[in-house]
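Pasting run_38.cif here (mmCIF, C-alpha atoms):
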data_entry
#
loop_
_atom_site.group_PDB
_atom_site.id
_atom_site.type_symbol
_atom_site.label_atom_id
_atom_site.label_comp_id
_atom_site.auth_asym_id
_atom_site.auth_seq_id
_atom_site.Cartn_x
_atom_site.Cartn_y
_atom_site.Cartn_z
ATOM 1 C CA MET F 1 76.931 61.981 69.088
ATOM 2 C CA LYS F 2 73.452 60.679 69.813
ATOM 3 C CA ILE F 3 72.681 57.564 71.846
ATOM 4 C CA ARG F 4 69.225 56.053 72.234
ATOM 5 C CA ILE F 5 68.458 53.479 74.906
ATOM 6 C CA GLU F 6 65.347 51.317 74.896
ATOM 7 C CA VAL F 7 64.306 49.840 78.238
ATOM 8 C CA GLU F 8 61.627 47.185 78.543
ATOM 9 C CA ASN F 9 60.551 46.049 81.991
ATOM 10 C CA LYS F 10 57.419 44.027 82.801
ATOM 11 C CA GLY F 11 55.694 45.089 79.607
ATOM 12 C CA LEU F 12 56.566 48.765 80.032
ATOM 13 C CA ARG F 13 58.811 50.126 77.307
ATOM 14 C CA SER F 14 60.588 53.466 77.438
ATOM 15 C CA TYR F 15 63.066 55.234 75.186
ATOM 16 C CA HIS F 16 65.759 57.592 76.353
ATOM 17 C CA GLU F 17 67.971 59.691 74.110
ATOM 18 C CA PHE F 18 71.250 61.302 75.019
ATOM 19 C CA GLU F 19 72.793 63.793 72.653
ATOM 20 C CA SER F 20 76.231 65.347 72.940
ATOM 21 C CA GLN F 21 76.865 68.607 71.128
ATOM 22 C CA ASN F 22 79.039 70.660 73.463
ATOM 23 C CA MET F 23 79.859 67.871 75.871
ATOM 24 C CA GLY F 24 82.902 65.616 75.877
ATOM 25 C CA GLY F 25 82.557 61.868 75.496
ATOM 26 C CA GLU F 26 83.489 61.246 79.136
ATOM 27 C CA ALA F 27 80.744 63.581 80.379
ATOM 28 C CA LEU F 28 78.187 61.848 78.145
ATOM 29 C CA LYS F 29 79.363 58.466 79.418
ATOM 30 C CA GLU F 30 78.942 59.621 83.042
ATOM 31 C CA MET F 31 75.454 60.934 82.282
ATOM 32 C CA ILE F 32 74.362 57.639 80.711
ATOM 33 C CA LEU F 33 75.864 55.520 83.487
ATOM 34 C CA SER F 34 74.199 57.766 86.053
ATOM 35 C CA PHE F 35 70.855 57.326 84.312
ATOM 36 C CA LEU F 36 71.227 53.550 84.076
ATOM 37 C CA SER F 37 72.246 53.293 87.719
ATOM 38 C CA THR F 38 69.324 55.358 89.039
ATOM 39 C CA SER F 39 66.800 53.717 86.734
ATOM 40 C CA GLY F 40 67.307 50.375 88.492
ATOM 41 C CA ILE F 41 68.359 48.475 85.385
ATOM 42 C CA PHE F 42 71.275 46.876 87.238
ATOM 43 C CA GLU F 43 69.244 46.243 90.376
ATOM 44 C CA ASN F 44 69.463 42.453 90.340
ATOM 45 C CA THR F 45 72.913 42.042 88.807
ATOM 46 C CA GLY F 46 74.836 43.209 91.857
ATOM 47 C CA GLU F 47 76.955 45.543 89.703
ATOM 48 C CA HIS F 48 75.211 48.816 90.473
ATOM 49 C CA ALA F 49 72.554 47.910 92.988
ATOM 50 C CA THR F 50 70.603 50.926 94.142
ATOM 51 C CA THR F 51 69.817 51.630 97.769
ATOM 52 C CA PRO F 52 66.121 51.523 98.649
ATOM 53 C CA ALA F 53 64.508 54.887 99.260
ATOM 54 C CA HIS F 54 63.774 54.080 102.912
ATOM 55 C CA GLU F 55 67.511 54.015 103.673
ATOM 56 C CA TYR F 56 67.807 57.647 102.603
ATOM 57 C CA ASN F 57 64.672 58.741 104.455
ATOM 58 C CA SER F 58 65.017 56.716 107.614
ATOM 59 C CA SER F 59 66.676 59.045 110.107
ATOM 60 C CA GLY F 60 68.602 62.215 110.675
ATOM 61 C CA THR F 61 68.223 65.687 109.311
ATOM 62 C CA LEU F 62 67.730 66.407 105.634
ATOM 63 C CA MET F 63 71.369 67.458 105.461
ATOM 64 C CA ASP F 64 72.421 64.095 106.935
ATOM 65 C CA ARG F 65 70.223 62.230 104.442
ATOM 66 C CA LEU F 66 71.666 64.224 101.541
ATOM 67 C CA ALA F 67 75.210 63.565 102.756
ATOM 68 C CA ASN F 68 74.498 59.826 102.936
ATOM 69 C CA PHE F 69 72.913 59.933 99.504
ATOM 70 C CA ILE F 70 75.970 61.686 98.066
ATOM 71 C CA ARG F 71 78.298 59.132 99.676
ATOM 72 C CA TYR F 72 76.409 56.311 97.993
ATOM 73 C CA GLU F 73 75.385 57.795 94.646
ATOM 74 C CA PHE F 74 78.213 60.208 93.812
ATOM 75 C CA SER F 75 81.275 58.677 95.412
ATOM 76 C CA GLY F 76 84.337 59.802 93.466
ATOM 77 C CA THR F 77 82.489 61.762 90.752
ATOM 78 C CA TRP F 78 81.749 65.424 90.165
ATOM 79 C CA PHE F 79 78.064 66.414 90.148
ATOM 80 C CA THR F 80 75.936 69.518 89.874
ATOM 81 C CA THR F 81 73.191 70.740 92.167
ATOM 82 C CA GLN F 82 70.591 69.861 89.553
ATOM 83 C CA GLU F 83 71.976 66.335 89.049
ATOM 84 C CA LEU F 84 71.838 65.701 92.786
ATOM 85 C CA ARG F 85 68.296 67.013 93.020
ATOM 86 C CA GLU F 86 67.040 64.935 90.092
ATOM 87 C CA ARG F 87 68.626 61.723 91.324
ATOM 88 C CA TYR F 88 67.529 62.292 94.940
ATOM 89 C CA GLU F 89 63.939 62.839 93.827
ATOM 90 C CA THR F 90 63.934 59.481 91.993
ATOM 91 C CA VAL F 91 64.447 57.579 95.257
ATOM 92 C CA ALA F 92 63.262 59.970 97.973
ATOM 93 C CA ASP F 93 61.157 63.090 98.500
ATOM 94 C CA ASP F 94 60.857 66.140 96.284
ATOM 95 C CA ILE F 95 63.289 68.864 97.268
ATOM 96 C CA LYS F 96 63.740 72.465 96.183
ATOM 97 C CA LEU F 97 66.824 73.302 94.145
ATOM 98 C CA SER F 98 67.614 76.199 96.498
ATOM 99 C CA THR F 99 67.586 73.802 99.452
ATOM 100 C CA VAL F 100 70.002 71.439 97.716
ATOM 101 C CA SER F 101 72.247 74.387 96.830
ATOM 102 C CA THR F 102 72.267 75.610 100.424
ATOM 103 C CA TYR F 103 73.176 72.207 101.840
ATOM 104 C CA LEU F 104 75.892 71.626 99.242
ATOM 105 C CA SER F 105 77.402 74.989 100.140
ATOM 106 C CA ARG F 106 77.361 74.073 103.832
ATOM 107 C CA MET F 107 78.901 70.658 103.149
ATOM 108 C CA ASN F 108 81.654 72.394 101.193
ATOM 109 C CA ARG F 109 82.207 74.840 104.052
ATOM 110 C CA ASP F 110 82.345 71.917 106.507
ATOM 111 C CA GLY F 111 84.998 70.138 104.451
ATOM 112 C CA LEU F 112 82.839 67.269 103.202
ATOM 113 C CA LEU F 113 82.740 68.361 99.543
ATOM 114 C CA ASP F 114 85.149 69.854 97.019
ATOM 115 C CA ARG F 115 83.756 72.610 94.820
ATOM 116 C CA ARG F 116 84.823 73.854 91.398
ATOM 117 C CA GLY F 117 83.513 76.129 88.690
ATOM 118 C CA ASN F 118 81.719 79.454 88.719
ATOM 119 C CA ARG F 119 78.155 80.081 89.912
ATOM 120 C CA ASN F 120 76.654 78.990 86.604
ATOM 121 C CA ASN F 121 78.751 75.835 86.212
ATOM 122 C CA ARG F 122 79.382 74.785 89.798
ATOM 123 C CA GLN F 123 80.215 71.158 90.535
ATOM 124 C CA TYR F 124 80.826 69.279 93.762
ATOM 125 C CA ARG F 125 82.668 66.082 94.671
ATOM 126 C CA LEU F 126 82.775 64.109 97.894
ATOM 127 C CA ILE F 127 86.061 64.405 99.765
ATOM 128 C CA GLU F 128 86.830 60.778 100.394
ATOM 129 C CA ARG F 129 88.613 61.201 103.695
ATOM 130 C CA ALA F 130 87.535 63.757 106.249
ATOM 131 C CA GLU F 131 89.330 63.912 109.569
ATOM 132 C CA PRO F 132 86.803 63.048 112.338
ATOM 133 C CA GLU F 133 88.180 65.697 114.713
ATOM 134 C CA MET F 134 87.845 68.396 112.043
ATOM 135 C CA VAL F 135 84.255 67.446 111.229
ATOM 136 C CA ALA F 136 83.328 67.318 114.930
ATOM 137 C CA GLN F 137 84.903 70.743 115.522
ATOM 138 C CA GLN F 138 83.015 72.231 112.564
ATOM 139 C CA ASN F 139 79.751 70.772 113.871
ATOM 140 C CA VAL F 140 80.387 72.451 117.243
ATOM 141 C CA GLN F 141 81.149 75.755 115.492
ATOM 142 C CA ARG F 142 77.955 75.466 113.428
ATOM 143 C CA GLN F 143 75.931 74.749 116.594
ATOM 144 C CA ASN F 144 77.508 77.744 118.382
ATOM 145 C CA THR F 145 76.672 80.012 115.437
ATOM 146 C CA TYR F 146 73.095 78.745 115.446
ATOM 147 C CA GLU F 147 72.747 79.310 119.197
ATOM 148 C CA ARG F 148 74.253 82.822 118.950
ATOM 149 C CA ARG F 149 71.853 83.795 116.140
ATOM 150 C CA ARG F 150 68.940 82.373 118.037
ATOM 151 C CA ALA F 151 69.888 84.350 121.147
ATOM 152 C CA GLU F 152 70.170 87.517 119.053
ATOM 153 C CA GLY F 153 66.711 86.853 117.613
ATOM 154 C CA ARG F 154 68.005 86.409 114.063
ATOM 155 C CA TRP F 155 66.800 82.803 113.754
#

Would you write out, as structure tokens, the structure that this file holds?
Amino acid sequence: MKIRIEVENKGLRSYHEFESQNMGGEALKEMILSFLSTSGIFENTGEHATTPAHEYNSSGTLMDRLANFIRYEFSGTWFTTQELRERYETVADDIKLSTVSTYLSRMNRDGLLDRRGNRNNRQYRLIERAEPEMVAQQNVQRQNTYERRRAEGRW
């Protein structure tokens, strides 16, 4: 299946093709909807309004900004490290793929994300409901680990 989308905005015309050879129809649908959402096509309709970049960059650590971005952009859907990176870079700063991978792994360890697949086909999904006490306890454990490594000179 091959789908071509033509977008014209303020005199600027672009064409985007999506082709599905080894991908199911649902995966292709998700890819196209993801593209349309991040491209800003629905910006004024209220259906899929995108959050301005400054809301992702405003405060907190990079991990906090990525977590907020995931909550908004990938709520309820599975995504890959590369998909997150590409979409994040459309509204915020450039980021290395290894950095995204590291933070996704930590978010999974902290109970914020589900993970499935092997190393080559890994996907993540936001866990909709995290217990506040559990998250707070994991943050304390992470801080203690950081402080211990720092004291040992490994940081």

- Residue with the minimum atom-to-atom distance to Gly76 (chain F), picked from F:Glu26, F:Asp114, F:Gln21, F:Ile5 with all atoms listed in the file counted, is F:Asp114

- Between CA of Lys96 (chain F) and CA of Thr80 (chain F), what is the distance, to one decimal in Å? 14.0 Å

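Comparing the minimum interatomic distances between Lys29 (chain F) and each of F:Leu12, F:Ile3, F:Leu126, F:Ile95, counting all atoms listed in the file, we find that F:Ile3 sits nearest.
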
Can you spell out as a PDB file with C-alpha atoms, keeping the file's coordinate frame the set of residues that the PyMOL selection byres ((chain F and resi 117-122) around 10) selects in the structure I just provided?
ATOM      1  CA  TRP F  78      81.749  65.424  90.165  1.00  0.00           C
ATOM      2  CA  PHE F  79      78.064  66.414  90.148  1.00  0.00           C
ATOM      3  CA  THR F  80      75.936  69.518  89.874  1.00  0.00           C
ATOM      4  CA  THR F  81      73.191  70.740  92.167  1.00  0.00           C
ATOM      5  CA  ARG F 115      83.756  72.610  94.820  1.00  0.00           C
ATOM      6  CA  ARG F 116      84.823  73.854  91.398  1.00  0.00           C
ATOM      7  CA  GLN F 123      80.215  71.158  90.535  1.00  0.00           C
ATOM      8  CA  TYR F 124      80.826  69.279  93.762  1.00  0.00           C
TER       9      TYR F 124
END

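For the pair CA of Phe18 (chain F) and CA of Ser101 (chain F), the interatomic distance is 25.5 Å.
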
- Task: Could you jot down the CA of Asp93 (chain F) to CA of Glu73 (chain F) separation for me, Å, one decimal place?
- Result: 15.7 Å

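Nearest residue to Tyr103 (chain F), choosing from F:Ser20, F:Ser75, F:Thr61, F:Ser37 and counting all atoms listed in the file: F:Thr61.
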
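Remark: for Phe69 (chain F), the closest of the candidate residues F:Asn22, F:Ser14, F:Thr90, F:Ser98 is F:Thr90 (distances computed over only C-alpha atoms).
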
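Nearest residue to Ser105 (chain F), choosing from F:Ala67, F:Glu86, F:Glu152, F:Glu128 and counting only C-alpha atoms: F:Ala67.
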
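With distances taken over all atoms listed in the file, F:Leu66 is the one residue among F:Leu112, F:Glu6, F:Leu66, F:Thr102 lying closest to Arg87 (chain F).
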
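By only C-alpha atoms, and with residues fewer than 6 positions from Arg4 (chain F) along its chain excluded, the set lying at most 7 Å from it is F:Tyr15, F:His16, F:Glu17, F:Phe18.
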